[in-house]
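Text of entry_36.cif (mmCIF, C-alpha atoms) as supplied:
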data_query
loop_
_atom_site.label_atom_id
_atom_site.label_comp_id
_atom_site.auth_asym_id
_atom_site.auth_seq_id
_atom_site.Cartn_x
_atom_site.Cartn_y
_atom_site.Cartn_z
CA MET A 25 -24.01 -38.77 5.00
CA LYS A 26 -24.39 -36.77 8.15
CA SER A 27 -21.23 -35.10 9.43
CA LYS A 28 -22.18 -35.78 13.07
CA HIS A 29 -23.93 -38.60 14.86
CA THR A 30 -27.00 -37.48 16.79
CA ILE A 31 -27.75 -38.86 20.25
CA LEU A 32 -31.08 -38.37 22.02
CA VAL A 33 -30.81 -38.34 25.84
CA VAL A 34 -34.11 -39.00 27.62
CA ASP A 35 -34.01 -38.31 31.37
CA LYS A 36 -35.91 -36.16 33.86
CA GLU A 37 -32.73 -35.17 35.73
CA ALA A 38 -31.39 -31.94 34.25
CA ALA A 39 -27.96 -32.49 35.80
CA PHE A 40 -27.68 -35.93 34.19
CA CYS A 41 -28.65 -34.54 30.77
CA SER A 42 -26.25 -31.63 31.11
CA CYS A 43 -23.36 -33.90 32.08
CA MET A 44 -24.08 -36.21 29.14
CA ALA A 45 -24.31 -33.26 26.74
CA ASP A 46 -21.02 -31.75 27.92
CA THR A 47 -19.03 -34.98 27.73
CA LEU A 48 -20.50 -36.47 24.57
CA GLY A 49 -20.70 -33.11 22.84
CA SER A 50 -16.99 -32.52 23.45
CA HIS A 51 -16.31 -35.74 21.53
CA GLY A 52 -18.12 -34.59 18.40
CA TYR A 53 -21.63 -35.93 18.99
CA GLU A 54 -24.71 -33.78 18.50
CA ILE A 55 -26.84 -34.09 21.64
CA LYS A 56 -30.57 -33.48 22.08
CA SER A 57 -32.01 -33.83 25.59
CA VAL A 58 -35.65 -34.24 26.62
CA GLY A 59 -37.19 -34.82 30.03
CA ASN A 60 -40.24 -37.00 29.43
CA GLY A 61 -41.77 -39.59 27.17
CA ALA A 62 -44.03 -37.20 25.25
CA GLU A 63 -41.12 -34.97 24.27
CA ALA A 64 -39.09 -38.02 23.30
CA ARG A 65 -41.85 -39.33 21.03
CA GLU A 66 -42.22 -35.93 19.41
CA ASP A 67 -38.49 -35.67 18.79
CA LEU A 68 -38.22 -39.25 17.48
CA SER A 69 -41.16 -38.72 15.15
CA ALA A 70 -39.55 -35.57 13.72
CA GLY A 71 -36.34 -37.37 12.77
CA SER A 72 -34.60 -40.48 14.02
CA PRO A 73 -31.36 -39.96 15.96
CA ASP A 74 -28.47 -42.39 15.55
CA LEU A 75 -28.72 -43.62 19.17
CA MET A 76 -30.90 -43.08 22.24
CA ILE A 77 -29.83 -43.01 25.87
CA LEU A 78 -32.96 -43.86 27.85
CA GLY A 79 -32.61 -42.84 31.47
CA THR A 80 -35.13 -42.11 34.24
CA ILE A 81 -38.51 -40.55 33.40
CA SER A 82 -41.83 -40.33 35.21
CA PRO A 83 -44.20 -41.92 35.95
CA ARG A 84 -42.69 -45.34 36.62
CA GLY A 85 -43.21 -47.53 33.59
CA GLU A 86 -43.04 -44.64 31.12
CA ALA A 87 -39.46 -45.49 30.12
CA PHE A 88 -40.54 -49.04 29.28
CA ALA A 89 -43.57 -47.74 27.37
CA LEU A 90 -41.30 -45.47 25.33
CA HIS A 91 -38.94 -48.36 24.68
CA GLN A 92 -41.80 -50.55 23.45
CA TRP A 93 -43.10 -47.76 21.24
CA VAL A 94 -39.67 -47.38 19.62
CA ARG A 95 -39.43 -51.11 18.92
CA ALA A 96 -42.94 -51.13 17.44
CA THR A 97 -42.37 -48.10 15.18
CA ARG A 98 -41.01 -49.27 11.82
CA PRO A 99 -38.51 -46.45 11.11
CA LEU A 100 -37.11 -46.73 14.66
CA ARG A 101 -36.94 -50.49 15.20
CA ALA A 102 -33.21 -50.72 14.60
CA LEU A 103 -32.36 -47.66 16.73
CA PRO A 104 -29.61 -48.56 19.23
CA VAL A 105 -30.80 -47.93 22.79
CA ILE A 106 -28.70 -47.69 25.95
CA VAL A 107 -30.88 -48.01 29.06
CA ILE A 108 -29.61 -46.38 32.24
CA ASP A 109 -31.68 -47.40 35.27
CA VAL A 110 -31.88 -45.76 38.70
CA PRO A 111 -29.36 -46.84 41.39
CA PRO A 112 -29.99 -50.30 42.94
CA GLU A 113 -31.33 -48.82 46.18
CA LYS A 114 -34.08 -46.98 44.27
CA GLN A 115 -35.10 -49.70 41.83
CA LEU A 116 -37.97 -51.08 43.90
CA LEU A 117 -39.75 -47.74 43.77
CA ALA A 118 -38.54 -45.90 40.70
CA GLY A 119 -36.66 -48.28 38.43
CA TRP A 120 -37.61 -50.73 35.74
CA ARG A 121 -39.92 -53.45 36.99
CA LYS A 122 -38.72 -57.03 36.81
CA ASP A 123 -41.30 -57.98 34.19
CA GLU A 124 -40.27 -54.98 32.08
CA GLY A 125 -36.62 -55.95 32.28
CA MET A 126 -37.43 -59.46 31.06
CA ARG A 127 -38.99 -57.95 27.91
CA LEU A 128 -36.22 -55.44 27.37
CA ASP A 129 -34.71 -55.37 23.87
CA THR A 130 -31.69 -53.10 24.19
CA GLU A 131 -28.00 -53.02 23.38
CA GLU A 132 -26.86 -51.99 26.88
CA TYR A 133 -28.40 -51.97 30.36
CA LEU A 134 -26.55 -49.86 32.95
CA VAL A 135 -27.37 -48.29 36.30
CA LYS A 136 -26.65 -44.90 37.83
CA PRO A 137 -24.37 -43.41 38.92
CA ILE A 138 -22.40 -43.59 35.71
CA GLU A 139 -19.53 -41.59 34.34
CA PRO A 140 -20.50 -40.31 30.87
CA ALA A 141 -16.95 -40.86 29.59
CA SER A 142 -17.37 -44.58 30.24
CA LEU A 143 -20.11 -44.64 27.59
CA LEU A 144 -17.85 -43.43 24.80
CA PRO A 145 -16.42 -46.84 23.80
CA ARG A 146 -19.91 -48.40 23.93
CA ILE A 147 -21.40 -45.60 21.83
CA ALA A 148 -18.61 -45.74 19.26
CA LYS A 149 -19.04 -49.51 18.91
CA LEU A 150 -22.81 -49.30 18.48
CA LEU A 151 -22.64 -46.45 15.97
CA ASP A 152 -19.90 -48.18 14.01
CA ARG A 153 -22.13 -51.24 13.75
CA THR A 154 -25.10 -49.23 12.48
CA THR A 155 -23.28 -46.79 10.17
CA PRO A 156 -24.31 -47.46 6.55
CA ARG A 157 -21.30 -48.47 4.47
CA VAL A 158 -20.71 -48.00 0.78
CA LYS A 159 -20.09 -51.47 -0.69
CA VAL A 160 -17.14 -51.47 -3.08
CA LEU A 161 -15.97 -54.07 -5.61
CA ILE A 162 -12.34 -53.71 -6.74
CA VAL A 163 -11.52 -54.89 -10.27
CA ASP A 164 -7.88 -55.00 -11.36
CA ASP A 165 -5.63 -57.68 -12.81
CA HIS A 166 -2.72 -56.74 -10.53
CA ALA A 167 -2.87 -58.15 -6.99
CA LEU A 168 -0.72 -55.35 -5.54
CA VAL A 169 -3.09 -52.71 -6.91
CA ARG A 170 -6.11 -54.54 -5.47
CA GLU A 171 -4.42 -54.89 -2.09
CA GLY A 172 -3.32 -51.25 -2.01
CA ILE A 173 -6.78 -49.90 -2.79
CA SER A 174 -8.34 -52.30 -0.29
CA ALA A 175 -5.97 -51.11 2.43
CA LEU A 176 -6.93 -47.49 1.71
CA LEU A 177 -10.68 -48.15 1.80
CA THR A 178 -10.51 -50.32 4.91
CA LEU A 179 -9.41 -47.21 6.81
CA GLN A 180 -12.71 -45.51 5.91
CA ARG A 181 -15.46 -46.19 8.44
CA ASP A 182 -18.17 -45.59 5.82
CA MET A 183 -16.81 -48.02 3.23
CA GLN A 184 -16.68 -51.80 2.90
CA VAL A 185 -14.74 -53.78 0.31
CA VAL A 186 -17.09 -56.63 -0.56
CA GLY A 187 -14.98 -58.41 -3.17
CA PHE A 188 -12.36 -58.48 -5.90
CA ALA A 189 -12.22 -59.40 -9.58
CA GLU A 190 -9.24 -59.82 -11.92
CA ASN A 191 -10.93 -58.93 -15.21
CA GLY A 192 -14.11 -57.50 -16.68
CA LYS A 193 -15.79 -60.85 -17.20
CA GLU A 194 -15.30 -61.80 -13.55
CA ALA A 195 -16.44 -58.32 -12.51
CA ILE A 196 -19.84 -58.80 -14.17
CA THR A 197 -20.33 -62.06 -12.26
CA LYS A 198 -19.24 -60.50 -8.96
CA VAL A 199 -21.58 -57.52 -9.43
CA ALA A 200 -24.52 -59.93 -9.74
CA GLU A 201 -23.39 -61.93 -6.70
CA LEU A 202 -22.34 -59.11 -4.34
CA ASP A 203 -24.57 -56.18 -5.35
CA PRO A 204 -21.94 -53.47 -4.72
CA ASP A 205 -22.76 -49.76 -4.68
CA ILE A 206 -19.50 -48.83 -6.40
CA VAL A 207 -17.25 -50.74 -8.83
CA LEU A 208 -13.64 -49.60 -9.14
CA MET A 209 -12.78 -50.79 -12.64
CA ASP A 210 -9.33 -50.98 -14.18
CA LEU A 211 -9.37 -49.81 -17.80
CA ARG A 212 -7.03 -52.38 -19.36
CA MET A 213 -7.38 -56.04 -18.35
CA PRO A 214 -7.21 -59.45 -20.06
CA GLU A 215 -10.27 -61.42 -21.25
CA MET A 216 -12.58 -58.40 -21.02
CA ASN A 217 -11.40 -54.82 -20.57
CA GLY A 218 -12.93 -52.24 -18.25
CA LEU A 219 -14.93 -50.41 -20.91
CA GLU A 220 -16.69 -53.57 -22.11
CA ALA A 221 -17.50 -54.62 -18.57
CA THR A 222 -18.71 -51.13 -17.67
CA ARG A 223 -21.10 -51.07 -20.65
CA GLU A 224 -22.65 -54.35 -19.57
CA ILE A 225 -22.91 -53.39 -15.89
CA CYS A 226 -24.44 -50.01 -16.66
CA CYS A 227 -27.09 -51.53 -18.92
CA ALA A 228 -28.75 -53.15 -15.90
CA PRO A 229 -31.49 -51.24 -14.03
CA HIS A 230 -30.43 -49.77 -10.67
CA HIS A 231 -26.86 -50.63 -11.54
CA ALA A 232 -23.77 -49.98 -9.43
CA LYS A 233 -21.84 -46.82 -10.27
CA VAL A 234 -18.53 -47.51 -11.97
CA LEU A 235 -15.35 -45.53 -11.40
CA ILE A 236 -12.74 -46.27 -14.06
CA LEU A 237 -9.11 -46.44 -12.92
CA SER A 238 -6.51 -45.71 -15.59
CA GLN A 239 -2.83 -44.96 -15.93
CA TYR A 240 -3.84 -42.09 -18.21
CA ASP A 241 -6.53 -39.42 -17.90
CA ASP A 242 -6.28 -38.10 -21.46
CA ARG A 243 -9.43 -36.83 -23.15
CA GLU A 244 -9.83 -39.99 -25.23
CA ASN A 245 -10.04 -42.23 -22.16
CA VAL A 246 -12.32 -39.81 -20.31
CA VAL A 247 -14.75 -39.65 -23.25
CA ALA A 248 -14.66 -43.43 -23.74
CA SER A 249 -15.32 -44.04 -20.03
CA LYS A 250 -18.27 -41.65 -19.95
CA GLY A 251 -19.62 -43.19 -23.13
CA ALA A 252 -19.54 -46.63 -21.52
CA GLY A 253 -21.59 -45.31 -18.60
CA ALA A 254 -18.85 -44.79 -16.01
CA TRP A 255 -19.44 -42.21 -13.32
CA ASP A 256 -15.89 -40.87 -13.47
CA LEU A 257 -12.30 -41.70 -14.42
CA ILE A 258 -9.60 -41.59 -11.74
CA PRO A 259 -5.92 -41.60 -12.75
CA LYS A 260 -4.08 -44.31 -10.82
CA GLN A 261 -1.37 -41.86 -9.80
CA SER A 262 -4.05 -39.78 -8.04
CA VAL A 263 -5.85 -42.66 -6.33
CA SER A 264 -4.72 -41.88 -2.78
CA GLY A 265 -5.86 -38.27 -3.05
CA ARG A 266 -9.04 -38.52 -5.12
CA LEU A 267 -10.48 -42.00 -4.83
CA VAL A 268 -12.16 -41.78 -1.42
CA SER A 269 -13.89 -38.48 -2.20
CA ALA A 270 -14.95 -39.79 -5.62
CA ILE A 271 -16.51 -42.89 -4.06
CA ARG A 272 -18.44 -40.77 -1.56
CA ALA A 273 -19.64 -38.38 -4.28
CA ALA A 274 -20.79 -41.22 -6.51
CA SER A 275 -22.55 -43.05 -3.68
CA GLN A 276 -24.47 -39.95 -2.61
CA ALA A 277 -25.62 -39.03 -6.12
CA ALA A 278 -29.12 -39.95 -7.20
#
Take the structure I supplied and represent it as structure tokens, if you would.
Amino acid sequence: MKSKHTILVVDKEAAFCSCMADTLGSHGYEIKSVGNGAEAREDLSAGSPDLMILGTISPRGEAFALHQWVRATRPLRALPVIVIDVPPEKQLLAGWRKDEGMRLDTEEYLVKPIEPASLLPRIAKLLDRTTPRVKVLIVDDHALVREGISALLTLQRDMQVVGFAENGKEAITKVAELDPDIVLMDLRMPEMNGLEATREICCAPHHAKVLILSQYDDRENVVASKGAGAWDLIPKQSVSGRLVSAIRAASQAA
């Protein structure tokens, strides 16, 4: 996953772009600014940003044309767009036309003047909504363990707990229903233990990656887990320190 969110600012006013870059850049965003539709199309074609701020560009109607092009381009259709129109007193001559506004498909419509800092909550909300999340299924026969792991993962913006199971048999059913990316699998459980469930899950094509959780990380358990197809074994006493990084590593691996 990218370490920074990228925001493309499209506006012909250099001062507006500079102000946006200074404020948003100071909050950890990577900012690219362009001054016209052609440059914006070139930049968008080279690599999609995480969000676009579409301000004022010339000639009139070019901003709408760019917006329509984005919505018609398959890799860009879901790109969040914040439109910032000219001030009300200029809208008859330079702003979005009424018919354009009626066909506008955007997350936010604002007008100048605008304080860049006021965009920060809006941007954070939009990016949070569009950030891909690793879907995690937690399998453990102890409710307190399930709840503790869930509380830890809920704090991670790039992870989503999609369900729980109390044993290996239930885990297999939940994997088919919920299609998780990662399964956190307890080693010892009633009805069907973690190794048996892991073998069955890992036999399926394009299967979820399984991380075994165990009270012990001795060589015997590590070898057995790998033999069953598990991605890794995490000792339960190290869960708070290792689990999040292990989930990210497993999810990013081919």
Residues within 7 Å of (-26.5, -51.4, 24.6), counting all atoms listed in the file, listed as a PDB file with C-alpha atoms, in the coordinates of the input:
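File produced: out-v8.pdb:
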ATOM      1  CA  PRO A 104     -29.610 -48.560  19.230  1.00  0.00           C
ATOM      2  CA  VAL A 105     -30.800 -47.930  22.790  1.00  0.00           C
ATOM      3  CA  ILE A 106     -28.700 -47.690  25.950  1.00  0.00           C
ATOM      4  CA  THR A 130     -31.690 -53.100  24.190  1.00  0.00           C
ATOM      5  CA  GLU A 131     -28.000 -53.020  23.380  1.00  0.00           C
ATOM      6  CA  GLU A 132     -26.860 -51.990  26.880  1.00  0.00           C
ATOM      7  CA  TYR A 133     -28.400 -51.970  30.360  1.00  0.00           C
TER       8      TYR A 133
END
Expected selection from the PyMOL selection byres ((chain A and resi 155) around 10), given as a ChimeraX atom specification: /A:25,29,74,150-154,156-158,181-183
Residues around (-8.1, -55.7, 2.3), cut-off 10 Å, counting all atoms listed in the file - what are they as a PDB file with C-alpha atoms, in the frame of the given file?
ATOM      1  CA  ARG A 170      -6.110 -54.540  -5.470  1.00  0.00           C
ATOM      2  CA  GLU A 171      -4.420 -54.890  -2.090  1.00  0.00           C
ATOM      3  CA  GLY A 172      -3.320 -51.250  -2.010  1.00  0.00           C
ATOM      4  CA  ILE A 173      -6.780 -49.900  -2.790  1.00  0.00           C
ATOM      5  CA  SER A 174      -8.340 -52.300  -0.290  1.00  0.00           C
ATOM      6  CA  ALA A 175      -5.970 -51.110   2.430  1.00  0.00           C
ATOM      7  CA  LEU A 176      -6.930 -47.490   1.710  1.00  0.00           C
ATOM      8  CA  LEU A 177     -10.680 -48.150   1.800  1.00  0.00           C
ATOM      9  CA  THR A 178     -10.510 -50.320   4.910  1.00  0.00           C
ATOM     10  CA  LEU A 179      -9.410 -47.210   6.810  1.00  0.00           C
ATOM     11  CA  GLN A 184     -16.680 -51.800   2.900  1.00  0.00           C
ATOM     12  CA  VAL A 185     -14.740 -53.780   0.310  1.00  0.00           C
ATOM     13  CA  VAL A 186     -17.090 -56.630  -0.560  1.00  0.00           C
ATOM     14  CA  GLY A 187     -14.980 -58.410  -3.170  1.00  0.00           C
ATOM     15  CA  PHE A 188     -12.360 -58.480  -5.900  1.00  0.00           C
TER      16      PHE A 188
END
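Excluding A:Met44 itself and same-chain residues fewer than 2 positions from it, the residues having an atom within 10 Å of it are Ile31, Val33, Ala38, Ala39, Phe40, Cys41, Ser42, Asp46, Thr47, Leu48, Gly49, Ser50, Ile55, Lys56, Ser57, Ile77, Glu139, Pro140, Ala141 and Leu143 of chain A, counting all atoms listed in the file.
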Take the residues that were just selected and, keeping C-alpha atoms, output them as an mmCIF file, in the coordinates of the input.
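Dumped to selection_22.cif:
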data_model
loop_
_atom_site.group_PDB
_atom_site.id
_atom_site.type_symbol
_atom_site.label_atom_id
_atom_site.label_comp_id
_atom_site.auth_asym_id
_atom_site.auth_seq_id
_atom_site.Cartn_x
_atom_site.Cartn_y
_atom_site.Cartn_z
ATOM 1 C CA ILE A 31 -27.750 -38.860 20.250
ATOM 2 C CA VAL A 33 -30.810 -38.340 25.840
ATOM 3 C CA ALA A 38 -31.390 -31.940 34.250
ATOM 4 C CA ALA A 39 -27.960 -32.490 35.800
ATOM 5 C CA PHE A 40 -27.680 -35.930 34.190
ATOM 6 C CA CYS A 41 -28.650 -34.540 30.770
ATOM 7 C CA SER A 42 -26.250 -31.630 31.110
ATOM 8 C CA ASP A 46 -21.020 -31.750 27.920
ATOM 9 C CA THR A 47 -19.030 -34.980 27.730
ATOM 10 C CA LEU A 48 -20.500 -36.470 24.570
ATOM 11 C CA GLY A 49 -20.700 -33.110 22.840
ATOM 12 C CA SER A 50 -16.990 -32.520 23.450
ATOM 13 C CA ILE A 55 -26.840 -34.090 21.640
ATOM 14 C CA LYS A 56 -30.570 -33.480 22.080
ATOM 15 C CA SER A 57 -32.010 -33.830 25.590
ATOM 16 C CA ILE A 77 -29.830 -43.010 25.870
ATOM 17 C CA GLU A 139 -19.530 -41.590 34.340
ATOM 18 C CA PRO A 140 -20.500 -40.310 30.870
ATOM 19 C CA ALA A 141 -16.950 -40.860 29.590
ATOM 20 C CA LEU A 143 -20.110 -44.640 27.590
#
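Nearest residue to A:Ser275 among A:Ala70, A:Leu78, A:Val160, A:Cys43 is A:Val160, counting only C-alpha atoms.
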Care to translate the PyMOL selection byres ((chain A and resi 213) around 9) into actual residues of this file, as a PyMOL selection string? chain A and resi 164-165+190-192+210-212+214-218
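Residue nearest A:Ala87 within the list A:Glu201, A:Glu194, A:Glu124, A:Asp242: A:Glu124 [criterion: smallest interatomic distance, only C-alpha atoms].
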When you draw a straight line from atom CA of A:Ser69 to atom CA of A:Pro145, how long is it in Å?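 Computed distance, atom CA of A:Ser69 to atom CA of A:Pro145, equals 27.4 Å.
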Do you know which residues the PyMOL selection byres ((chain A and resi 237) around 7) returns on this file, as a PyMOL selection string? chain A and resi 208-211+235-236+238+257-260
Can you work out which one of A:Leu128, A:Ala273, A:Val263, A:Ile206 has the shortest atom-to-atom distance to A:Ala89, counting only C-alpha atoms?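 For A:Ala89, the nearest of the candidates is A:Leu128.
For the set A:His231, A:His51, A:Arg146, A:Lys36, the residue with the smallest atom-to-atom gap to A:Pro204 is A:His231, counting all atoms listed in the file.
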